[in-house]
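Novice: Following this line is query_20.pdb, made up of PDB, C-alpha atoms, pLDDT in the B column:
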ATOM      1  CA  MET A   1     157.192 132.721 342.901  1.00 81.00           C
ATOM      2  CA  PRO A   2     155.145 135.084 340.667  1.00 88.00           C
ATOM      3  CA  GLU A   3     151.572 135.846 341.593  1.00 94.00           C
ATOM      4  CA  THR A   4     148.907 133.959 339.609  1.00 94.00           C
ATOM      5  CA  ARG A   5     147.164 136.096 336.992  1.00 95.00           C
ATOM      6  CA  TRP A   6     143.654 134.636 337.247  1.00 96.00           C
ATOM      7  CA  LEU A   7     141.306 134.936 334.297  1.00 96.00           C
ATOM      8  CA  ASP A   8     138.726 137.691 334.564  1.00 97.00           C
ATOM      9  CA  ASP A   9     135.066 136.930 333.795  1.00 97.00           C
ATOM     10  CA  GLU A  10     135.374 137.779 330.106  1.00 98.00           C
ATOM     11  CA  GLU A  11     138.553 135.726 329.697  1.00 97.00           C
ATOM     12  CA  GLN A  12     137.045 132.812 331.636  1.00 98.00           C
ATOM     13  CA  GLY A  13     133.925 132.861 329.455  1.00 98.00           C
ATOM     14  CA  THR A  14     136.039 133.007 326.296  1.00 97.00           C
ATOM     15  CA  TRP A  15     138.284 130.195 327.481  1.00 97.00           C
ATOM     16  CA  ARG A  16     135.377 127.924 328.366  1.00 98.00           C
ATOM     17  CA  ALA A  17     133.606 128.703 325.076  1.00 97.00           C
ATOM     18  CA  TYR A  18     136.802 127.748 323.231  1.00 97.00           C
ATOM     19  CA  ILE A  19     137.264 124.507 325.187  1.00 97.00           C
ATOM     20  CA  TRP A  20     133.657 123.422 324.698  1.00 98.00           C
ATOM     21  CA  THR A  21     133.621 124.452 321.011  1.00 97.00           C
ATOM     22  CA  ASN A  22     136.851 122.574 320.359  1.00 96.00           C
ATOM     23  CA  HIS A  23     135.504 119.471 322.111  1.00 97.00           C
ATOM     24  CA  LEU A  24     132.178 119.482 320.256  1.00 98.00           C
ATOM     25  CA  LEU A  25     133.813 120.247 316.898  1.00 97.00           C
ATOM     26  CA  TRP A  26     136.273 117.352 317.153  1.00 96.00           C
ATOM     27  CA  GLU A  27     133.436 115.024 318.192  1.00 97.00           C
ATOM     28  CA  ALA A  28     131.316 116.158 315.213  1.00 97.00           C
ATOM     29  CA  LEU A  29     134.204 115.651 312.776  1.00 97.00           C
ATOM     30  CA  GLU A  30     134.960 112.222 314.243  1.00 97.00           C
ATOM     31  CA  ARG A  31     131.301 111.166 313.985  1.00 98.00           C
ATOM     32  CA  GLN A  32     130.983 112.356 310.388  1.00 98.00           C
ATOM     33  CA  LEU A  33     134.147 110.619 309.198  1.00 97.00           C
ATOM     34  CA  GLN A  34     133.313 107.373 311.014  1.00 97.00           C
ATOM     35  CA  LYS A  35     129.709 107.346 309.758  1.00 97.00           C
ATOM     36  CA  ASP A  36     130.399 108.308 306.156  1.00 95.00           C
ATOM     37  CA  SER A  37     133.818 106.759 305.543  1.00 94.00           C
ATOM     38  CA  GLY A  38     134.706 104.469 308.460  1.00 94.00           C
ATOM     39  CA  ILE A  39     137.871 106.510 309.053  1.00 94.00           C
ATOM     40  CA  PRO A  40     138.871 107.842 312.470  1.00 95.00           C
ATOM     41  CA  HIS A  41     139.670 111.555 312.345  1.00 95.00           C
ATOM     42  CA  ALA A  42     143.255 110.888 313.457  1.00 93.00           C
ATOM     43  CA  TYR A  43     143.784 108.546 310.490  1.00 95.00           C
ATOM     44  CA  TYR A  44     142.230 111.089 308.136  1.00 96.00           C
ATOM     45  CA  ILE A  45     144.768 113.671 309.344  1.00 95.00           C
ATOM     46  CA  MET A  46     147.603 111.223 308.633  1.00 95.00           C
ATOM     47  CA  LEU A  47     146.303 110.531 305.121  1.00 97.00           C
ATOM     48  CA  VAL A  48     146.004 114.267 304.418  1.00 97.00           C
ATOM     49  CA  CYS A  49     149.579 114.912 305.612  1.00 96.00           C
ATOM     50  CA  LEU A  50     150.921 112.139 303.406  1.00 97.00           C
ATOM     51  CA  SER A  51     148.837 113.244 300.402  1.00 97.00           C
ATOM     52  CA  GLU A  52     150.316 116.740 300.609  1.00 97.00           C
ATOM     53  CA  SER A  53     153.937 115.534 300.824  1.00 96.00           C
ATOM     54  CA  PRO A  54     156.241 115.021 297.837  1.00 94.00           C
ATOM     55  CA  ASP A  55     155.677 111.531 296.414  1.00 95.00           C
ATOM     56  CA  ARG A  56     153.009 111.139 299.140  1.00 97.00           C
ATOM     57  CA  THR A  57     155.855 110.065 301.427  1.00 95.00           C
ATOM     58  CA  MET A  58     157.224 111.288 304.778  1.00 95.00           C
ATOM     59  CA  THR A  59     159.605 109.905 307.340  1.00 92.00           C
ATOM     60  CA  MET A  60     157.833 108.448 310.342  1.00 93.00           C
ATOM     61  CA  THR A  61     159.534 111.133 312.443  1.00 91.00           C
ATOM     62  CA  GLN A  62     158.137 113.912 310.218  1.00 92.00           C
ATOM     63  CA  LEU A  63     154.659 112.362 310.307  1.00 94.00           C
ATOM     64  CA  ALA A  64     154.762 112.046 314.097  1.00 93.00           C
ATOM     65  CA  SER A  65     155.848 115.675 314.349  1.00 91.00           C
ATOM     66  CA  VAL A  66     153.153 117.164 312.112  1.00 91.00           C
ATOM     67  CA  THR A  67     150.376 115.031 313.598  1.00 91.00           C
ATOM     68  CA  GLN A  68     151.678 115.406 317.175  1.00 90.00           C
ATOM     69  CA  PHE A  69     151.332 111.625 317.632  1.00 91.00           C
ATOM     70  CA  SER A  70     153.545 109.651 319.984  1.00 91.00           C
ATOM     71  CA  ALA A  71     155.690 106.952 318.368  1.00 87.00           C
ATOM     72  CA  SER A  72     153.395 104.298 319.857  1.00 91.00           C
ATOM     73  CA  ARG A  73     150.184 105.944 318.615  1.00 92.00           C
ATOM     74  CA  LEU A  74     151.657 106.491 315.151  1.00 92.00           C
ATOM     75  CA  SER A  75     152.894 102.905 314.921  1.00 92.00           C
ATOM     76  CA  HIS A  76     149.459 101.556 315.921  1.00 94.00           C
ATOM     77  CA  ALA A  77     147.697 103.808 313.405  1.00 94.00           C
ATOM     78  CA  MET A  78     150.146 102.856 310.645  1.00 95.00           C
ATOM     79  CA  ALA A  79     149.495  99.165 311.319  1.00 95.00           C
ATOM     80  CA  ARG A  80     145.722  99.720 310.921  1.00 95.00           C
ATOM     81  CA  LEU A  81     146.216 101.739 307.736  1.00 96.00           C
ATOM     82  CA  GLU A  82     148.609  99.118 306.344  1.00 96.00           C
ATOM     83  CA  GLU A  83     145.970  96.427 306.967  1.00 96.00           C
ATOM     84  CA  LYS A  84     143.580  98.427 304.780  1.00 95.00           C
ATOM     85  CA  GLY A  85     146.283  98.785 302.125  1.00 97.00           C
ATOM     86  CA  TRP A  86     146.208 102.586 302.430  1.00 97.00           C
ATOM     87  CA  VAL A  87     149.842 103.123 303.492  1.00 97.00           C
ATOM     88  CA  ARG A  88     153.121 101.262 303.361  1.00 96.00           C
ATOM     89  CA  ARG A  89     156.185 101.520 305.544  1.00 94.00           C
ATOM     90  CA  ILE A  90     159.344 101.476 303.480  1.00 92.00           C
ATOM     91  CA  LYS A  91     163.032 102.064 304.164  1.00 90.00           C
ATOM     92  CA  HIS A  92     164.637 105.316 303.029  1.00 84.00           C
ATOM     93  CA  GLU A  93     166.694 104.688 299.883  1.00 82.00           C
ATOM     94  CA  GLU A  94     169.844 106.395 301.192  1.00 80.00           C
ATOM     95  CA  ASP A  95     169.505 105.858 304.956  1.00 79.00           C
ATOM     96  CA  ARG A  96     168.198 102.342 305.627  1.00 76.00           C
ATOM     97  CA  ARG A  97     167.791 103.221 309.338  1.00 83.00           C
ATOM     98  CA  THR A  98     164.988 105.660 308.440  1.00 87.00           C
ATOM     99  CA  THR A  99     161.473 104.354 307.960  1.00 91.00           C
ATOM    100  CA  MET A 100     159.211 106.177 305.525  1.00 94.00           C
ATOM    101  CA  ALA A 101     155.399 106.243 305.425  1.00 95.00           C
ATOM    102  CA  LYS A 102     153.981 106.157 301.897  1.00 97.00           C
ATOM    103  CA  LEU A 103     150.364 106.767 300.925  1.00 97.00           C
ATOM    104  CA  THR A 104     149.234 104.121 298.420  1.00 97.00           C
ATOM    105  CA  ASP A 105     146.897 104.724 295.494  1.00 97.00           C
ATOM    106  CA  GLU A 106     144.192 102.919 297.485  1.00 97.00           C
ATOM    107  CA  GLY A 107     144.813 105.231 300.429  1.00 97.00           C
ATOM    108  CA  PHE A 108     144.628 108.287 298.198  1.00 97.00           C
ATOM    109  CA  SER A 109     141.316 107.015 296.771  1.00 97.00           C
ATOM    110  CA  ALA A 110     139.958 106.510 300.290  1.00 97.00           C
ATOM    111  CA  LEU A 111     140.996 110.062 301.147  1.00 97.00           C
ATOM    112  CA  GLU A 112     139.397 111.434 297.973  1.00 97.00           C
ATOM    113  CA  SER A 113     136.161 109.641 298.873  1.00 97.00           C
ATOM    114  CA  ALA A 114     136.171 110.902 302.463  1.00 97.00           C
ATOM    115  CA  ALA A 115     137.189 114.502 301.730  1.00 97.00           C
ATOM    116  CA  PRO A 116     133.883 115.923 300.385  1.00 97.00           C
ATOM    117  CA  GLY A 117     131.919 114.855 303.458  1.00 97.00           C
ATOM    118  CA  HIS A 118     134.632 116.085 305.791  1.00 97.00           C
ATOM    119  CA  VAL A 119     134.908 119.457 304.055  1.00 97.00           C
ATOM    120  CA  GLY A 120     131.122 119.762 304.114  1.00 98.00           C
ATOM    121  CA  GLU A 121     131.074 119.152 307.862  1.00 98.00           C
ATOM    122  CA  VAL A 122     133.893 121.665 308.456  1.00 98.00           C
ATOM    123  CA  ARG A 123     132.072 124.235 306.346  1.00 98.00           C
ATOM    124  CA  ARG A 124     128.740 123.602 308.103  1.00 97.00           C
ATOM    125  CA  ARG A 125     130.178 123.653 311.635  1.00 97.00           C
ATOM    126  CA  VAL A 126     132.871 126.353 311.327  1.00 97.00           C
ATOM    127  CA  PHE A 127     132.553 128.647 308.330  1.00 98.00           C
ATOM    128  CA  ASP A 128     128.864 128.860 307.393  1.00 98.00           C
ATOM    129  CA  PRO A 129     127.858 130.512 310.707  1.00 97.00           C
ATOM    130  CA  LEU A 130     130.523 133.241 310.255  1.00 98.00           C
ATOM    131  CA  SER A 131     130.656 136.331 308.073  1.00 98.00           C
ATOM    132  CA  ARG A 132     133.668 136.863 305.800  1.00 98.00           C
ATOM    133  CA  GLU A 133     134.965 139.481 308.272  1.00 98.00           C
ATOM    134  CA  GLN A 134     134.592 137.050 311.202  1.00 98.00           C
ATOM    135  CA  ILE A 135     136.511 134.411 309.225  1.00 98.00           C
ATOM    136  CA  ARG A 136     139.378 136.885 308.695  1.00 98.00           C
ATOM    137  CA  GLN A 137     139.336 137.795 312.400  1.00 98.00           C
ATOM    138  CA  PHE A 138     139.234 134.120 313.388  1.00 97.00           C
ATOM    139  CA  HIS A 139     142.224 133.442 311.133  1.00 97.00           C
ATOM    140  CA  ASP A 140     144.164 136.362 312.624  1.00 97.00           C
ATOM    141  CA  ILE A 141     143.407 135.249 316.179  1.00 97.00           C
ATOM    142  CA  LEU A 142     144.360 131.627 315.525  1.00 96.00           C
ATOM    143  CA  SER A 143     147.549 132.667 313.696  1.00 96.00           C
ATOM    144  CA  THR A 144     148.597 134.790 316.657  1.00 96.00           C
ATOM    145  CA  ILE A 145     147.989 131.968 319.142  1.00 94.00           C
ATOM    146  CA  LEU A 146     149.675 129.399 316.877  1.00 92.00           C
ATOM    147  CA  SER A 147     152.734 131.604 316.443  1.00 92.00           C
ATOM    148  CA  GLY A 148     153.098 131.887 320.215  1.00 92.00           C
ATOM    149  CA  LEU A 149     152.708 128.136 320.677  1.00 89.00           C
ATOM    150  CA  GLU A 150     155.267 127.345 317.984  1.00 83.00           C
ATOM    151  CA  SER A 151     157.738 129.852 319.450  1.00 84.00           C
ATOM    152  CA  ALA A 152     157.308 128.349 322.915  1.00 76.00           C
ATOM    153  CA  GLU A 153     157.768 124.834 321.534  1.00 70.00           C
ATOM    154  CA  GLU A 154     160.964 125.858 319.714  1.00 69.00           C
ATOM    155  CA  SER A 155     162.286 127.474 322.909  1.00 67.00           C
ATOM    156  CA  GLU A 156     161.595 124.306 324.890  1.00 64.00           C
ATOM    157  CA  GLU A 157     163.343 122.179 322.245  1.00 63.00           C
ATOM    158  CA  ASP A 158     166.362 124.513 322.243  1.00 63.00           C
ATOM    159  CA  ALA A 159     166.568 124.323 326.042  1.00 62.00           C
ATOM    160  CA  GLY A 160     166.809 120.528 325.956  1.00 61.00           C
ATOM    161  CA  PRO A 161     165.675 118.145 328.692  1.00 59.00           C
ATOM    162  CA  ALA A 162     164.923 119.632 332.092  1.00 52.00           C
TER     163      ALA A 162
END
For this file, produce the structure as structure tokens.
Specialist:
Amino acid sequence: MPETRWLDDEEQGTWRAYIWTNHLLWEALERQLQKDSGIPHAYYIMLVCLSESPDRTMTMTQLASVTQFSASRLSHAMARLEEKGWVRRIKHEEDRRTTMAKLTDEGFSALESAAPGHVGEVRRRVFDPLSREQIRQFHDILSTILSGLESAEESEEDAGPA
């Protein structure tokens, strides 16, 4: 068994700053969206994903993948969004076994109404405190980490069940 590579003081401080920042940021975004628009952040993410898809439509499998939601969580969220009239579940035209999620005009309007406040909160909490150079560095750092995570995820999928 390989020896554990413990975090040094600088790494530990960086890790804890990241964890706490991530936690507080997600809480702030959730609060803002709930207060201003009555939309949970998770639902906002779903609406954004659908709005950016061709015909504002994705398969439920695609939506679960990009949002990283379990089938159960996605189904529950879709039911809530359907109650509001913001999405519809429809069958794929060519493969009736496939269920599609479609953003309605009402859902797109709700997203358009919520977006300015959300973007303002993101700007205030993330980008306004940083210089342009820090934003570039932040992007580079996150891209490097994301690339490693995506590669690891692909490797795990290729390996199949353990």
Novice: Could you list the residues chosen by the PyMOL selection byres ((chain A and resi 53-66) around 12) in this structure as a ChimeraX atom specification?
Specialist: /A:42-43,45-52,67-78,86-93,95-105,107-108,150,153
Novice: Run through the PyMOL selection byres ((chain A and resi 37) around 9) on the given coordinates and return the selected residues as number ranges by chain.
Specialist: A: 32-36, 38-40, 110, 113-114, 117
Novice: Please compute the CA of Val126 in chain A-CA of Thr21 in chain A distance, one decimal, in Å.
Specialist: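 Going from CA of Val126 in chain A over to CA of Thr21 in chain A, I get 9.9 Å.
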Novice: What is the CA of Glu121 in chain A to CA of Ile135 in chain A distance in Å?
Specialist: 16.3 Å
Novice: From the options A:Lys84, A:His118, A:Arg5, A:Arg124, which residue's atoms come nearest to His41 in chain A, counting all atoms listed in the file?
Specialist: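 Once distances to His41 in chain A are computed over all atoms listed in the file, the minimum belongs to A:His118.
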Novice: Interatomic distance between CA of Ala28 in chain A and CA of Phe138 in chain A?
Specialist: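 Answer for the CA of Ala28 in chain A to CA of Phe138 in chain A separation: 19.7 Å.
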Novice: Between A:Leu146, A:Ala79, A:Ala152, A:Leu29, which one has atoms that come closest to Gly120 in chain A, using all atoms listed in the file?
Specialist: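 Residue with the minimum atom-to-atom distance to Gly120 in chain A: A:Leu29.
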Novice: Where atoms are missing, can you supply N, CA, C and O atoms for range 60-73 of chain A and output the lot as a PDB file, in the frame of the given file?
Specialist:
ATOM      1  N   MET A  60     158.723 108.663 309.196  1.00 93.00           N
ATOM      2  CA  MET A  60     157.833 108.448 310.342  1.00 93.00           C
ATOM      3  C   MET A  60     158.033 109.560 311.370  1.00 93.00           C
ATOM      4  O   MET A  60     157.070 109.998 312.001  1.00 93.00           O
ATOM      5  N   THR A  61     159.252 110.045 311.501  1.00 91.00           N
ATOM      6  CA  THR A  61     159.534 111.133 312.443  1.00 91.00           C
ATOM      7  C   THR A  61     158.803 112.408 312.017  1.00 91.00           C
ATOM      8  O   THR A  61     158.214 113.099 312.851  1.00 91.00           O
ATOM      9  N   GLN A  62     158.851 112.729 310.723  1.00 92.00           N
ATOM     10  CA  GLN A  62     158.137 113.912 310.218  1.00 92.00           C
ATOM     11  C   GLN A  62     156.632 113.768 310.452  1.00 92.00           C
ATOM     12  O   GLN A  62     155.977 114.713 310.894  1.00 92.00           O
ATOM     13  N   LEU A  63     156.094 112.584 310.149  1.00 94.00           N
ATOM     14  CA  LEU A  63     154.659 112.362 310.307  1.00 94.00           C
ATOM     15  C   LEU A  63     154.250 112.469 311.774  1.00 94.00           C
ATOM     16  O   LEU A  63     153.225 113.090 312.094  1.00 94.00           O
ATOM     17  N   ALA A  64     155.045 111.930 312.656  1.00 93.00           N
ATOM     18  CA  ALA A  64     154.762 112.046 314.097  1.00 93.00           C
ATOM     19  C   ALA A  64     154.784 113.508 314.520  1.00 93.00           C
ATOM     20  O   ALA A  64     153.936 113.949 315.306  1.00 93.00           O
ATOM     21  N   SER A  65     155.727 114.258 313.987  1.00 91.00           N
ATOM     22  CA  SER A  65     155.848 115.675 314.349  1.00 91.00           C
ATOM     23  C   SER A  65     154.645 116.486 313.882  1.00 91.00           C
ATOM     24  O   SER A  65     154.070 117.245 314.660  1.00 91.00           O
ATOM     25  N   VAL A  66     154.258 116.338 312.624  1.00 91.00           N
ATOM     26  CA  VAL A  66     153.153 117.164 312.112  1.00 91.00           C
ATOM     27  C   VAL A  66     151.799 116.749 312.671  1.00 91.00           C
ATOM     28  O   VAL A  66     150.903 117.575 312.799  1.00 91.00           O
ATOM     29  N   THR A  67     151.646 115.484 313.024  1.00 91.00           N
ATOM     30  CA  THR A  67     150.376 115.031 313.598  1.00 91.00           C
ATOM     31  C   THR A  67     150.345 115.138 315.120  1.00 91.00           C
ATOM     32  O   THR A  67     149.293 115.008 315.728  1.00 91.00           O
ATOM     33  N   GLN A  68     151.531 115.357 315.718  1.00 90.00           N
ATOM     34  CA  GLN A  68     151.678 115.406 317.175  1.00 90.00           C
ATOM     35  C   GLN A  68     151.305 114.070 317.818  1.00 90.00           C
ATOM     36  O   GLN A  68     150.774 114.020 318.931  1.00 90.00           O
ATOM     37  N   PHE A  69     151.584 112.967 317.119  1.00 91.00           N
ATOM     38  CA  PHE A  69     151.332 111.625 317.632  1.00 91.00           C
ATOM     39  C   PHE A  69     152.590 111.097 318.306  1.00 91.00           C
ATOM     40  O   PHE A  69     153.700 111.341 317.833  1.00 91.00           O
ATOM     41  N   SER A  70     152.416 110.348 319.379  1.00 91.00           N
ATOM     42  CA  SER A  70     153.545 109.651 319.984  1.00 91.00           C
ATOM     43  C   SER A  70     153.989 108.543 319.025  1.00 91.00           C
ATOM     44  O   SER A  70     153.234 108.141 318.125  1.00 91.00           O
ATOM     45  N   ALA A  71     155.193 108.043 319.216  1.00 87.00           N
ATOM     46  CA  ALA A  71     155.690 106.952 318.368  1.00 87.00           C
ATOM     47  C   ALA A  71     154.764 105.740 318.454  1.00 87.00           C
ATOM     48  O   ALA A  71     154.460 105.100 317.445  1.00 87.00           O
ATOM     49  N   SER A  72     154.284 105.440 319.654  1.00 91.00           N
ATOM     50  CA  SER A  72     153.395 104.298 319.857  1.00 91.00           C
ATOM     51  C   SER A  72     152.059 104.488 319.120  1.00 91.00           C
ATOM     52  O   SER A  72     151.592 103.581 318.432  1.00 91.00           O
ATOM     53  N   ARG A  73     151.468 105.669 319.273  1.00 92.00           N
ATOM     54  CA  ARG A  73     150.184 105.944 318.615  1.00 92.00           C
ATOM     55  C   ARG A  73     150.342 105.902 317.099  1.00 92.00           C
ATOM     56  O   ARG A  73     149.506 105.349 316.396  1.00 92.00           O
TER      57      ARG A  73
END
